Each structure stands twice: as C-alpha cells, then as structure tokens.
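Q: This is data.pdb, which holds PDB, C-alpha atoms and all ligand atoms:
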MODEL        1
ATOM      1  CA  MET A 156       0.000   0.000   0.000
ATOM      2  CA  VAL A 157       1.357   3.436  -0.880
ATOM      3  CA  ILE A 158      -0.022   6.007   1.525
ATOM      4  CA  ILE A 159      -0.578   9.653   0.622
ATOM      5  CA  ASP A 160      -0.535  11.687   3.823
ATOM      6  CA  LEU A 161      -2.827  14.721   3.611
ATOM      7  CA  SER A 162      -2.940  15.532   7.320
ATOM      8  CA  LYS A 163      -1.614  19.044   6.801
ATOM      9  CA  PHE A 164      -4.896  20.046   5.151
ATOM     10  CA  VAL A 165      -7.212  19.048   8.023
ATOM     11  CA  PRO A 166      -7.116  18.914  11.838
ATOM     12  CA  PHE A 167      -6.977  15.090  11.874
ATOM     13  CA  GLU A 168      -4.910  12.311  10.344
ATOM     14  CA  LEU A 169      -5.886  11.927   6.711
ATOM     15  CA  GLU A 170      -4.465   9.156   4.557
ATOM     16  CA  VAL A 171      -5.319   7.945   1.070
ATOM     17  CA  ASP A 172      -4.208   4.662  -0.470
ATOM     18  CA  LYS A 173      -2.690   5.640  -3.810
ATOM     19  CA  GLU A 174      -3.499   2.282  -5.408
ATOM     20  CA  THR A 175      -7.190   2.132  -4.536
ATOM     21  CA  SER A 176      -7.719   5.941  -4.502
ATOM     22  CA  LYS A 177      -9.719   5.555  -1.276
ATOM     23  CA  ILE A 178      -9.328   7.200   2.099
ATOM     24  CA  VAL A 179      -7.999   4.690   4.610
ATOM     25  CA  LYS A 180      -7.926   6.998   7.626
ATOM     26  CA  ALA A 181      -9.633  10.276   8.517
ATOM     27  CA  GLY A 182      -9.081  10.581  12.254
ATOM     28  CA  ASP A 183     -12.082   9.005  13.989
ATOM     29  CA  ILE A 184     -14.498   9.931  11.211
ATOM     30  CA  GLU A 185     -16.528   7.064   9.818
ATOM     31  CA  LEU A 186     -15.625   6.669   6.164
ATOM     32  CA  VAL A 187     -18.730   6.863   4.023
ATOM     33  CA  PHE A 188     -18.440   7.576   0.323
ATOM     34  CA  SER A 189     -20.437   7.450  -2.855
ATOM     35  CA  THR A 190     -19.054   6.261  -6.163
ATOM     36  CA  ARG A 191     -19.529   7.729  -9.616
ATOM     37  CA  LYS A 192     -19.604   4.802 -12.031
ATOM     38  CA  LEU A 193     -19.070   4.695 -15.767
ATOM     39  CA  PHE A 194     -22.705   4.269 -16.797
ATOM     40  CA  ASP A 195     -23.768   7.182 -14.553
ATOM     41  CA  MET A 196     -21.744   9.327 -16.949
ATOM     42  CA  LYS A 197     -22.956   7.888 -20.250
ATOM     43  CA  ASP A 198     -24.619  11.146 -21.328
ATOM     44  CA  VAL A 199     -21.479  13.259 -20.959
ATOM     45  CA  ILE A 200     -18.830  10.972 -22.489
ATOM     46  CA  TYR A 201     -17.506  12.149 -25.843
ATOM     47  CA  ASP A 202     -16.182   8.849 -27.229
ATOM     48  CA  LYS A 203     -19.394   6.936 -27.823
ATOM     49  CA  ASN A 204     -17.675   4.087 -29.724
ATOM     50  CA  TRP A 205     -15.552   3.409 -26.692
ATOM     51  CA  LEU A 206     -18.529   3.752 -24.337
ATOM     52  CA  ASN A 207     -20.631   1.322 -26.385
ATOM     53  CA  SER A 208     -17.831  -1.245 -26.265
ATOM     54  CA  GLN A 209     -17.728  -1.214 -22.437
ATOM     55  CA  GLN A 210     -19.328  -4.195 -20.720
ATOM     56  CA  GLU A 211     -18.406  -3.430 -17.148
ATOM     57  CA  ASN A 212     -19.801  -0.560 -15.081
ATOM     58  CA  PHE A 213     -16.551   0.259 -13.299
ATOM     59  CA  ASP A 214     -15.817   2.894 -10.643
ATOM     60  CA  LEU A 215     -14.670   6.274 -11.892
ATOM     61  CA  TYR A 216     -14.297   8.426  -8.787
ATOM     62  CA  TYR A 217     -15.148   8.653  -5.117
ATOM     63  CA  MET A 218     -16.966  11.351  -3.169
ATOM     64  CA  TYR A 219     -16.739  11.683   0.609
ATOM     65  CA  ARG A 220     -19.489  14.126   1.547
ATOM     66  CA  ASP A 221     -19.498  16.070   4.789
ATOM     67  CA  LEU A 222     -16.228  14.602   5.996
ATOM     68  CA  THR A 223     -16.047  16.501   9.288
ATOM     69  CA  ARG A 224     -15.175  15.624  12.869
ATOM     70  CA  ASP A 225     -18.097  15.252  15.295
ATOM     71  CA  GLU A 226     -16.813  18.215  17.286
ATOM     72  CA  ASP A 227     -16.866  20.437  14.158
ATOM     73  CA  LYS A 228     -20.306  19.411  12.919
ATOM     74  CA  PRO A 229     -22.195  22.114  14.879
ATOM     75  CA  ILE A 230     -20.122  24.917  13.338
ATOM     76  CA  PHE A 231     -20.527  23.561   9.788
ATOM     77  CA  GLN A 232     -24.271  23.058  10.338
ATOM     78  CA  LYS A 233     -24.759  26.473  11.907
ATOM     79  CA  HIS A 234     -23.302  28.125   8.806
ATOM     80  CA  GLY A 235     -24.921  25.766   6.288
ATOM     81  CA  VAL A 236     -21.586  24.656   4.826
ATOM     82  CA  ARG A 237     -20.276  21.221   3.853
ATOM     83  CA  PHE A 238     -16.689  19.984   3.544
ATOM     84  CA  ASP A 239     -16.260  17.214   0.957
ATOM     85  CA  ILE A 240     -13.336  15.291  -0.485
ATOM     86  CA  THR A 241     -13.329  13.927  -4.035
ATOM     87  CA  ILE A 242     -10.723  11.494  -5.355
ATOM     88  CA  ILE A 243     -10.385  11.000  -9.109
ATOM     89  CA  PRO A 244      -7.983   8.166  -9.993
ATOM     90  CA  PRO A 245      -5.982   8.492 -13.222
ATOM     91  CA  ASN A 246      -8.010   7.036 -16.081
ATOM     92  CA  PHE A 247      -9.421   7.649 -19.535
ATOM     93  CA  LEU A 248     -12.978   7.729 -20.798
ATOM     94  CA  GLY A 249     -12.007   6.458 -24.234
ATOM     95  CA  ALA A 250     -10.461   9.413 -26.049
ATOM     96  CA  GLU A 251     -10.664  11.863 -23.154
ATOM     97  CA  TYR A 252      -9.126  12.166 -19.729
ATOM     98  CA  ILE A 253     -11.335  11.249 -16.792
ATOM     99  CA  LYS A 254     -13.602  14.048 -15.560
ATOM    100  CA  THR A 255     -16.486  14.726 -13.210
ATOM    101  CA  THR A 256     -20.041  14.699 -14.561
ATOM    102  CA  GLY A 257     -20.285  18.468 -14.282
ATOM    103  CA  HIS A 258     -23.143  20.545 -12.942
ATOM    104  CA  PHE A 259     -24.530  23.982 -12.247
ATOM    105  CA  HIS A 260     -25.731  25.339  -8.915
ATOM    106  CA  PRO A 261     -29.156  26.903  -8.343
ATOM    107  CA  GLU A 262     -29.580  30.538  -7.368
ATOM    108  CA  ALA A 263     -29.302  31.623  -3.740
ATOM    109  CA  LYS A 264     -31.051  34.851  -4.774
ATOM    110  CA  GLU A 265     -31.943  36.174  -8.206
ATOM    111  CA  GLY A 266     -28.786  36.682 -10.222
ATOM    112  CA  PHE A 267     -26.555  34.874  -7.736
ATOM    113  CA  SER A 268     -26.161  31.133  -8.001
ATOM    114  CA  PHE A 269     -24.308  29.445  -5.151
ATOM    115  CA  PRO A 270     -20.517  29.585  -5.539
ATOM    116  CA  GLU A 271     -18.069  26.877  -4.463
ATOM    117  CA  VAL A 272     -14.383  26.666  -3.568
ATOM    118  CA  TYR A 273     -11.950  23.839  -4.293
ATOM    119  CA  GLU A 274      -8.539  23.078  -2.856
ATOM    120  CA  VAL A 275      -6.210  20.612  -4.567
ATOM    121  CA  MET A 276      -4.495  18.400  -1.992
ATOM    122  CA  PHE A 277      -2.666  16.005  -4.301
ATOM    123  CA  GLY A 278      -2.041  15.706  -8.029
ATOM    124  CA  LYS A 279      -3.203  18.134 -10.679
ATOM    125  CA  GLY A 280      -6.615  19.285 -11.804
ATOM    126  CA  LEU A 281      -8.093  21.139 -14.742
ATOM    127  CA  TYR A 282     -11.202  23.092 -13.795
ATOM    128  CA  LEU A 283     -13.466  24.019 -16.670
ATOM    129  CA  LEU A 284     -16.011  26.678 -15.784
ATOM    130  CA  GLN A 285     -18.831  27.279 -18.203
ATOM    131  CA  LYS A 286     -21.071  30.281 -17.938
ATOM    132  CA  GLU A 287     -24.796  29.708 -17.570
ATOM    133  CA  LYS A 288     -26.544  29.835 -20.901
ATOM    134  CA  LYS A 289     -29.520  31.696 -19.514
ATOM    135  CA  GLU A 290     -27.606  34.938 -19.776
ATOM    136  CA  GLN A 291     -26.700  34.149 -23.363
ATOM    137  CA  LYS A 292     -30.378  33.711 -24.233
ATOM    138  CA  LYS A 293     -31.201  37.062 -22.689
ATOM    139  CA  LYS A 294     -28.538  38.712 -24.782
ATOM    140  CA  ARG A 295     -29.830  37.044 -27.914
ATOM    141  CA  LYS A 296     -33.230  38.557 -27.339
ATOM    142  CA  ASN A 297     -31.492  41.897 -27.351
ATOM    143  CA  LYS A 298     -29.931  40.873 -30.665
ATOM    144  CA  THR A 299     -26.361  40.985 -29.462
ATOM    145  CA  LEU A 300     -24.021  38.184 -30.406
ATOM    146  CA  ASP A 301     -21.745  38.176 -27.419
ATOM    147  CA  PRO A 302     -20.144  34.791 -26.909
ATOM    148  CA  TYR A 303     -20.525  33.092 -23.605
ATOM    149  CA  GLU A 304     -17.547  32.363 -21.517
ATOM    150  CA  VAL A 305     -15.485  29.307 -20.666
ATOM    151  CA  LEU A 306     -12.745  29.634 -18.046
ATOM    152  CA  ILE A 307      -9.968  27.080 -17.728
ATOM    153  CA  ILE A 308      -7.965  26.879 -14.526
ATOM    154  CA  SER A 309      -4.984  24.588 -14.211
ATOM    155  CA  ALA A 310      -4.207  23.739 -10.581
ATOM    156  CA  LYS A 311      -1.742  21.714  -8.541
ATOM    157  CA  ALA A 312      -1.493  20.643  -4.902
ATOM    158  CA  GLY A 313      -2.014  23.597  -2.583
ATOM    159  CA  ASP A 314      -3.930  25.661  -5.146
ATOM    160  CA  GLN A 315      -7.363  27.110  -4.417
ATOM    161  CA  ILE A 316     -10.044  27.474  -7.061
ATOM    162  CA  LEU A 317     -13.099  29.670  -6.909
ATOM    163  CA  ILE A 318     -16.270  28.773  -8.807
ATOM    164  CA  PRO A 319     -18.094  32.126  -8.987
ATOM    165  CA  PRO A 320     -21.870  32.487  -9.216
ATOM    166  CA  GLY A 321     -23.146  31.904 -12.724
ATOM    167  CA  TYR A 322     -20.748  29.147 -13.764
ATOM    168  CA  GLY A 323     -21.194  25.393 -14.080
ATOM    169  CA  HIS A 324     -18.089  23.326 -13.557
ATOM    170  CA  VAL A 325     -16.319  20.134 -14.577
ATOM    171  CA  THR A 326     -13.032  18.858 -13.113
ATOM    172  CA  ILE A 327     -10.562  16.788 -15.112
ATOM    173  CA  ASN A 328      -7.652  14.726 -13.817
ATOM    174  CA  PRO A 329      -5.070  15.311 -16.582
ATOM    175  CA  SER A 330      -2.575  12.746 -15.248
ATOM    176  CA  LYS A 331      -1.790   9.245 -16.475
ATOM    177  CA  GLU A 332      -0.354   8.126 -13.129
ATOM    178  CA  THR A 333      -1.535  10.269 -10.253
ATOM    179  CA  PRO A 334      -4.906  10.557  -8.555
ATOM    180  CA  LEU A 335      -6.382  14.015  -8.152
ATOM    181  CA  ILE A 336      -7.436  14.546  -4.541
ATOM    182  CA  MET A 337      -9.361  17.719  -3.812
ATOM    183  CA  ASN A 338     -11.625  19.105  -1.159
ATOM    184  CA  ASN A 339     -14.366  21.679  -1.386
ATOM    185  CA  LEU A 340     -16.390  23.960   0.812
ATOM    186  CA  VAL A 341     -19.885  24.549  -0.429
ATOM    187  CA  SER A 342     -23.300  25.522   0.882
ATOM    188  CA  SER A 343     -25.223  22.526   2.229
ATOM    189  CA  GLU A 344     -28.492  24.266   1.281
ATOM    190  CA  PHE A 345     -28.886  23.200  -2.353
ATOM    191  CA  SER A 346     -28.788  20.293  -4.794
ATOM    192  CA  SER A 347     -26.695  20.532  -7.933
ATOM    193  CA  ILE A 348     -28.292  20.776 -11.377
ATOM    194  CA  TYR A 349     -26.936  18.146 -13.770
ATOM    195  CA  GLU A 350     -29.395  18.501 -16.643
ATOM    196  CA  PRO A 351     -27.814  21.294 -18.785
ATOM    197  CA  ILE A 352     -24.432  19.568 -19.087
ATOM    198  CA  LYS A 353     -26.075  16.181 -19.707
ATOM    199  CA  LYS A 354     -28.250  17.737 -22.385
ATOM    200  CA  GLN A 355     -25.186  19.289 -23.987
ATOM    201  CA  LYS A 356     -23.460  15.861 -23.792
ATOM    202  CA  GLY A 357     -20.646  17.200 -21.648
ATOM    203  CA  ALA A 358     -19.047  20.600 -21.140
ATOM    204  CA  VAL A 359     -18.166  22.827 -24.106
ATOM    205  CA  TYR A 360     -14.655  21.350 -24.200
ATOM    206  CA  LEU A 361     -13.184  17.995 -23.269
ATOM    207  CA  TYR A 362      -9.563  17.197 -22.576
ATOM    208  CA  HIS A 363      -8.334  14.739 -25.204
ATOM    209  CA  HIS A 364      -5.782  12.030 -24.341
ATOM    210  CA  LYS A 365      -3.347  13.750 -26.742
ATOM    211  CA  GLU A 366      -3.409  16.614 -24.231
ATOM    212  CA  VAL A 367      -5.340  19.066 -26.334
ATOM    213  CA  TRP A 368      -8.757  20.576 -25.753
ATOM    214  CA  ILE A 369     -11.444  19.378 -28.149
ATOM    215  CA  ARG A 370     -14.648  21.242 -28.772
ATOM    216  CA  ASN A 371     -17.791  19.323 -27.869
ATOM    217  CA  PRO A 372     -19.468  18.880 -31.290
ATOM    218  CA  THR A 373     -22.971  19.241 -29.822
ATOM    219  CA  CYS A 374     -22.237  22.774 -28.655
ATOM    220  CA  LYS A 375     -22.731  25.190 -31.553
ATOM    221  CA  ASP A 376     -22.695  28.435 -29.590
ATOM    222  CA  LYS A 377     -20.091  31.104 -29.964
ATOM    223  CA  VAL A 378     -17.716  30.744 -27.058
ATOM    224  CA  ILE A 379     -14.822  32.703 -25.684
ATOM    225  CA  VAL A 380     -12.220  30.723 -23.750
ATOM    226  CA  LYS A 381     -10.089  32.383 -21.093
ATOM    227  CA  GLU A 382      -7.280  30.940 -19.085
ATOM    228  CA  LYS A 383      -7.465  31.863 -15.434
ATOM    229  CA  PHE A 384      -5.042  31.188 -12.602
ATOM    230  CA  PRO A 385      -5.954  29.630  -9.260
ATOM    231  CA  SER A 386      -7.133  32.115  -6.637
ATOM    232  CA  LYS A 387      -5.661  32.804  -3.224
ATOM    233  CA  ILE A 388      -8.873  32.741  -1.263
ATOM    234  CA  VAL A 389      -7.450  32.173   2.224
ATOM    235  CA  ASP A 390      -3.930  31.802   3.547
ATOM    236  CA  LYS A 391      -4.455  28.405   5.141
ATOM    237  CA  PRO A 392      -6.165  25.121   4.199
ATOM    238  CA  PHE A 393      -9.937  25.438   3.832
ATOM    239  CA  TYR A 394     -11.001  23.211   6.728
ATOM    240  CA  LEU A 395      -8.685  24.954   9.193
ATOM    241  CA  SER A 396      -9.715  28.368   7.913
ATOM    242  CA  PHE A 397     -13.407  27.505   8.233
ATOM    243  CA  ILE A 398     -13.370  26.267  11.822
ATOM    244  CA  GLU A 399     -11.184  29.198  12.853
ATOM    245  CA  ASN A 400     -13.251  31.906  11.174
ATOM    246  CA  PRO A 401     -16.479  30.661   9.566
ATOM    247  CA  GLU A 402     -17.707  34.249   9.094
ATOM    248  CA  GLN A 403     -15.272  34.846   6.252
ATOM    249  CA  TRP A 404     -17.052  32.049   4.301
ATOM    250  CA  ILE A 405     -20.470  33.659   4.534
ATOM    251  CA  PHE A 406     -20.296  34.309   0.771
ATOM    252  CA  LEU A 407     -20.899  30.586   0.147
ATOM    253  CA  ASN A 408     -24.527  31.127   1.195
ATOM    254  CA  GLU A 409     -24.768  34.861   0.538
ATOM    255  CA  PRO A 410     -22.813  35.405  -2.674
ATOM    256  CA  TRP A 411     -24.064  39.000  -3.033
ATOM    257  CA  THR A 412     -21.899  39.945  -0.014
ATOM    258  CA  LYS A 413     -18.666  39.335  -1.926
ATOM    259  CA  GLU A 414     -17.127  41.671  -4.471
ATOM    260  CA  ASN A 415     -14.565  40.897  -7.158
ATOM    261  CA  TRP A 416     -15.358  37.344  -8.089
ATOM    262  CA  LEU A 417     -12.946  37.055 -11.001
TER     263      LEU A 417
HETATM  264 FE    FE B 501     -20.400  22.255  -7.663
ENDMDL
END
For this file, write the structure as structure tokens.
A:
Amino acid sequence: MVIIDLSKFVPFELEVDKETSKIVKAGDIELVFSTRKLFDMKDVIYDKNWLNSQQENFDLYYMYRDLTRDEDKPIFQKHGVRFDITIIPPNFLGAEYIKTTGHFHPEAKEGFSFPEVYEVMFGKGLYLLQKEKKEQKKKRKNKTLDPYEVLIISAKAGDQILIPPGYGHVTINPSKETPLIMNNLVSSEFSSIYEPIKKQKGAVYLYHHKEVWIRNPTCKDKVIVKEKFPSKIVDKPFYLSFIENPEQWIFLNEPWTKENWL
C-alpha cells in the first residue's frame, strides 16, 4: 500500500491509499463515500464508440461528503456549509481524460447562483467553468451576439479554485499516473443541477488524451475561452480556515456579499 498523507490540510490524520484511490484513515471519522460509475456518466462521455464497447460498469471516482469531525459538525451546520473530499484516480474515458459529470448550482437569490471553492491536496486538476446559458439567451433577445464564456484553470497541490456564481463546472484529472485529490467547501443548502451539461453531452470542451482541448461537437454556440489562474482565497487550508473563522465564508450562502469574483 502506498499512503498519501494529507494531514496538513485538516485537523486530523488523513491518509489515502494511492493504489485504490480511497481514504484509509480520517481521524475518527466514519468513512462513508459514494461512487460515480461509468454508466452514470454515459450522457457526458464524448467517445461513444468506446462507451458502447464497455461491458463493465466500473468505478470512476469517489466522493466523501461532509467529511467533518463530530466536534466540528455544529459549526458547519450552523453556517450551512459542507466539507467534501473527491478522489479521481488516473483514467481515460475512451479518447478523453477522466472528468467529473459536471453541474450547475441553483440561485441563492436572483442573479446569484451558489458559488463553491476547491482546494487541490494532491495531483493536478483542470477546472473548466462554463457560464450559464440563460444569460446568453437574454442577450440574444437583445440581438447581441456576445459569446458566452469558458474559463480554464490549471491547478496543482495547494492551489485554491473559486467557482463564482453563474458558472457550471467540470473537473478533469489530466494525469496518467496520479490521482487528483481535492476538497471543497460549499453551501449545504442546495442540490446541484446536472441537466444542462447532460443535455449538452458534456461541457463545451473535453480534454483529449493527446493533451489538447477538443470542442464538444454538440455545442454550436459562440464561445470565448479564457485561461485563469488559481485564486488565493485564504492563507491556510480550507477546513482549518473555516473552523477558525467561519464568518469569512459567509459568501458561500450569501454570494451577493462578496465583491470581485474574477
Ligand atoms: Fe459544484
């Protein structure tokens, strides 16, 4: 067993088995996870020939929701925030690198969908943020032809990524050997919306195994792609920052209180 020690990110011992891509120790926290399997993702996989040739519904990635110590649960609950860990083993979905299903968040208040923050703990991640199409439709009514926006953020261990209101998001593990292990803080007050990205058969771009971005052929809209760098949201790991000063994370439930999202 090769152990990845991630204890510096949380106030308890945190260890992941590199071979199985599963958490083997998280202090005294009971380890409960859900698994995203291949056929759960059938709508968003680009390489349909490959998908149709697959017989086995194998595991793609693991999600540990609300992975908090008993003593910290009241503070997370009081502020309506969840701490999750996601582990994406290295793999391919046919022609593309492994990715999450992708989703949007509902609005906390008109014009402000819930944001989210990610912290890479191990490996590398590509975060593709895709602007909500709703805004695009509005603009079309006004007969403007502004493209809608795709942001690409390349991150490594220690980097923090902000998903601002108004963007759906997909995460890719662009490594052939290394799992991507990330955590997130997010409001516990909503359920994600998977339909738009499923309907579009994946995000606007997918990351091809030849390490180039490929345009999703089902998406015909005019798009502008911008590269963005990881953000420095707080000066310590998310979990530690949250239990020390949960007030500074109020924007996760009240996004209108934060300025300068991008
Ligand atoms: Fe999300």
Q: Considering only C-alpha atoms, state which residue in the set A:Ile200, A:Ile242, A:Val378, A:Leu193 is at the smallest distance from A:Gln285.
A: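 Residue with the minimum atom-to-atom distance to A:Gln285: A:Val378.
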Q: Convert the output of the PyMOL selection byres (((chain A and resi 413) around 12) and not hetatm) on the shown file into explicit residues, formatted as a PyMOL selection string.
A: chain A and resi 267+269-270+319-320+388+403-412+414-417
Q: May I ask which of the residues A:Gln209, A:Thr255, A:Asn246, A:Ser343 is the closest one to A:Pro329, counting only C-alpha atoms?
A: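 Checking each of A:Gln209, A:Thr255, A:Asn246, A:Ser343 against A:Pro329, counting only C-alpha atoms, the winner is A:Asn246.
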Q: What are the nearest atom pairs, with distances in Å to one decimal, for all residues of chain A that come at most 8 Å from ligand FE 501 (chain B), using all atoms listed in the file, set out by chain and rising residue number as a Markdown table?
A:
| residue | atom | partner | partner_atom | distance |
| --- | --- | --- | --- | --- |
| A:Gly257 | CA | B:FE501 | FE | 7.6 |
| A:His258 | CA | B:FE501 | FE | 6.2 |
| A:Phe259 | CA | B:FE501 | FE | 6.4 |
| A:His260 | CA | B:FE501 | FE | 6.3 |
| A:Pro270 | CA | B:FE501 | FE | 7.6 |
| A:Glu271 | CA | B:FE501 | FE | 6.1 |
| A:Ile318 | CA | B:FE501 | FE | 7.8 |
| A:Gly323 | CA | B:FE501 | FE | 7.2 |
| A:His324 | CA | B:FE501 | FE | 6.4 |
| A:Val341 | CA | B:FE501 | FE | 7.6 |
| A:Ser347 | CA | B:FE501 | FE | 6.5 |
Q: What does the PyMOL selection byres (((chain A and resi 244) around 9) and not hetatm) select in this file, as a PyMOL selection string?
A: chain A and resi 173-176+215-217+242-243+245-246+253+328+330+332-336
Q: Quick one: pull the distance between atom CA of A:Ser189 and atom CA of A:Pro166, Å, one decimal.
A: 22.9 Å
Q: Please compute the atom CA of A:Phe393-atom CA of A:Val165 distance, one decimal, in Å.
A: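 Taking atom CA of A:Phe393 and atom CA of A:Val165, their separation equals 8.1 Å.
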Q: Just to confirm, what's the straight-line distance from atom CA of A:Ile159 to atom CA of A:Arg237 in Å (one decimal)?
A: 23.1 Å
Q: My list of candidates is A:Gln355, A:Asn207, A:Thr241, A:Ser309. Which is closest to A:Pro372 when distances are computed with only C-alpha atoms?
A: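 So, comparing all the options, the nearest one is A:Gln355.
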Q: Might you spell out which residues the PyMOL selection byres (((chain A and resi 308) around 12) and not hetatm) would select in the displayed file, as a PyMOL selection string?
A: chain A and resi 273+275+279-285+305-307+309-311+314-318+324-327+380-386+417
Q: If you take all atoms listed in the file and a cut-off of 12 Å, which residues of stretch 355-408 of chain A touch stretch 218-228 of chain A, and what are their nearest atom pairs and distances in Å to one decimal, in chain and number order, as JSON lines?
A:
{"residue": "A:Tyr394", "atom": "CA", "partner": "A:Thr223", "partner_atom": "CA", "distance": 8.8}
{"residue": "A:Leu395", "atom": "CA", "partner": "A:Asp227", "partner_atom": "CA", "distance": 10.6}
{"residue": "A:Phe397", "atom": "CA", "partner": "A:Asp227", "partner_atom": "CA", "distance": 9.9}
{"residue": "A:Ile398", "atom": "CA", "partner": "A:Asp227", "partner_atom": "CA", "distance": 7.2}
{"residue": "A:Glu399", "atom": "CA", "partner": "A:Asp227", "partner_atom": "CA", "distance": 10.5}
{"residue": "A:Pro401", "atom": "CA", "partner": "A:Asp227", "partner_atom": "CA", "distance": 11.2}
Q: Write out as JSON an axis-aligned box for stretch 335-346 of chain A: all of its atoms listed in the file, 6 Å added on each side, centre and edge lengths in Å with one decimal.
A:
{"center_x": -17.6, "center_y": 19.8, "center_z": -3.0, "size_x": 34.5, "size_y": 23.5, "size_z": 22.4}
Q: Select, from A:Ser162, A:Ser268, A:Gln232, A:Thr190, the residue with the minimum atom-to-atom distance to A:Tyr322, counting only C-alpha atoms.
A: A:Ser268
Q: Give me the residues near A:Glu251 as an MDAnalysis selection string, where near means some atom within 12 Å (using only C-alpha atoms) and where sequence neighbours in that chain fewer than 2 positions away do not count.
A: chainID A and resid 199:203 205:206 245:249 253:255 327:331 357 360:371
Q: Counting only C-alpha atoms, which of A:Glu402, A:Ser346, A:Lys233, A:Lys353 gets nearest to A:Asp195?
A: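 The shortest atom-to-atom distance to A:Asp195 comes from A:Lys353.
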Q: Point out the residue among A:Lys354, A:Lys163, A:Lys288, A:Lys391 with the least atom-to-atom distance to A:Asp376, counting all atoms listed in the file.
A: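 Nearest to A:Asp376: A:Lys288.
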Q: Find the residues around A:Val171 up to 8 Å (all atoms listed in the file counted), leave out those fewer than 3 positions away in its own chain, and share them as an MDAnalysis selection string.
A: chainID A and resid 158:161 176:180
Q: Write the residues you've just listed into a file as a PDB file, in the frame of the given file, and include C-alpha atoms for each of them.
A:
ATOM      1  CA  ILE A 158      -0.022   6.007   1.525  1.00  0.00           C
ATOM      2  CA  ILE A 159      -0.578   9.653   0.622  1.00  0.00           C
ATOM      3  CA  ASP A 160      -0.535  11.687   3.823  1.00  0.00           C
ATOM      4  CA  LEU A 161      -2.827  14.721   3.611  1.00  0.00           C
ATOM      5  CA  SER A 176      -7.719   5.941  -4.502  1.00  0.00           C
ATOM      6  CA  LYS A 177      -9.719   5.555  -1.276  1.00  0.00           C
ATOM      7  CA  ILE A 178      -9.328   7.200   2.099  1.00  0.00           C
ATOM      8  CA  VAL A 179      -7.999   4.690   4.610  1.00  0.00           C
ATOM      9  CA  LYS A 180      -7.926   6.998   7.626  1.00  0.00           C
TER      10      LYS A 180
END
Q: I need stretch 333-348 of chain A written out with N, CA and C atoms, as a PDB file, in the first residue's frame; please produce it.
A:
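Once everything was written out, this is out-v5.pdb:
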ATOM      1  N   THR A 333      -1.306   9.757 -11.596  1.00  0.00           N
ATOM      2  CA  THR A 333      -1.535  10.269 -10.253  1.00  0.00           C
ATOM      3  C   THR A 333      -3.014  10.553 -10.005  1.00  0.00           C
ATOM      4  N   PRO A 334      -3.531  10.137  -8.845  1.00  0.00           N
ATOM      5  CA  PRO A 334      -4.906  10.557  -8.555  1.00  0.00           C
ATOM      6  C   PRO A 334      -4.967  12.059  -8.296  1.00  0.00           C
ATOM      7  N   LEU A 335      -6.112  12.635  -8.555  1.00  0.00           N
ATOM      8  CA  LEU A 335      -6.382  14.015  -8.152  1.00  0.00           C
ATOM      9  C   LEU A 335      -7.210  13.938  -6.871  1.00  0.00           C
ATOM     10  N   ILE A 336      -6.692  14.536  -5.807  1.00  0.00           N
ATOM     11  CA  ILE A 336      -7.436  14.546  -4.541  1.00  0.00           C
ATOM     12  C   ILE A 336      -7.723  16.000  -4.200  1.00  0.00           C
ATOM     13  N   MET A 337      -8.984  16.315  -4.066  1.00  0.00           N
ATOM     14  CA  MET A 337      -9.361  17.719  -3.812  1.00  0.00           C
ATOM     15  C   MET A 337     -10.441  17.769  -2.749  1.00  0.00           C
ATOM     16  N   ASN A 338     -10.502  18.896  -2.071  1.00  0.00           N
ATOM     17  CA  ASN A 338     -11.625  19.105  -1.159  1.00  0.00           C
ATOM     18  C   ASN A 338     -12.387  20.341  -1.603  1.00  0.00           C
ATOM     19  N   ASN A 339     -13.594  20.478  -1.077  1.00  0.00           N
ATOM     20  CA  ASN A 339     -14.366  21.679  -1.386  1.00  0.00           C
ATOM     21  C   ASN A 339     -15.172  22.104  -0.180  1.00  0.00           C
ATOM     22  N   LEU A 340     -15.411  23.393  -0.110  1.00  0.00           N
ATOM     23  CA  LEU A 340     -16.390  23.960   0.812  1.00  0.00           C
ATOM     24  C   LEU A 340     -17.533  24.471  -0.047  1.00  0.00           C
ATOM     25  N   VAL A 341     -18.729  24.131   0.359  1.00  0.00           N
ATOM     26  CA  VAL A 341     -19.885  24.549  -0.429  1.00  0.00           C
ATOM     27  C   VAL A 341     -21.100  24.635   0.491  1.00  0.00           C
ATOM     28  N   SER A 342     -22.052  25.448   0.118  1.00  0.00           N
ATOM     29  CA  SER A 342     -23.300  25.522   0.882  1.00  0.00           C
ATOM     30  C   SER A 342     -23.947  24.142   0.938  1.00  0.00           C
ATOM     31  N   SER A 343     -24.509  23.812   2.114  1.00  0.00           N
ATOM     32  CA  SER A 343     -25.223  22.526   2.229  1.00  0.00           C
ATOM     33  C   SER A 343     -26.707  22.717   1.909  1.00  0.00           C
ATOM     34  N   GLU A 344     -27.072  23.903   1.426  1.00  0.00           N
ATOM     35  CA  GLU A 344     -28.492  24.266   1.281  1.00  0.00           C
ATOM     36  C   GLU A 344     -29.053  24.070  -0.120  1.00  0.00           C
ATOM     37  N   PHE A 345     -28.333  23.382  -0.991  1.00  0.00           N
ATOM     38  CA  PHE A 345     -28.886  23.200  -2.353  1.00  0.00           C
ATOM     39  C   PHE A 345     -28.489  21.848  -2.942  1.00  0.00           C
ATOM     40  N   SER A 346     -29.164  21.478  -4.011  1.00  0.00           N
ATOM     41  CA  SER A 346     -28.788  20.293  -4.794  1.00  0.00           C
ATOM     42  C   SER A 346     -28.301  20.771  -6.149  1.00  0.00           C
ATOM     43  N   SER A 347     -27.271  20.132  -6.646  1.00  0.00           N
ATOM     44  CA  SER A 347     -26.695  20.532  -7.933  1.00  0.00           C
ATOM     45  C   SER A 347     -27.647  20.214  -9.092  1.00  0.00           C
ATOM     46  N   ILE A 348     -27.441  20.942 -10.195  1.00  0.00           N
ATOM     47  CA  ILE A 348     -28.292  20.776 -11.377  1.00  0.00           C
ATOM     48  C   ILE A 348     -27.439  20.131 -12.482  1.00  0.00           C
TER      49      ILE A 348
END
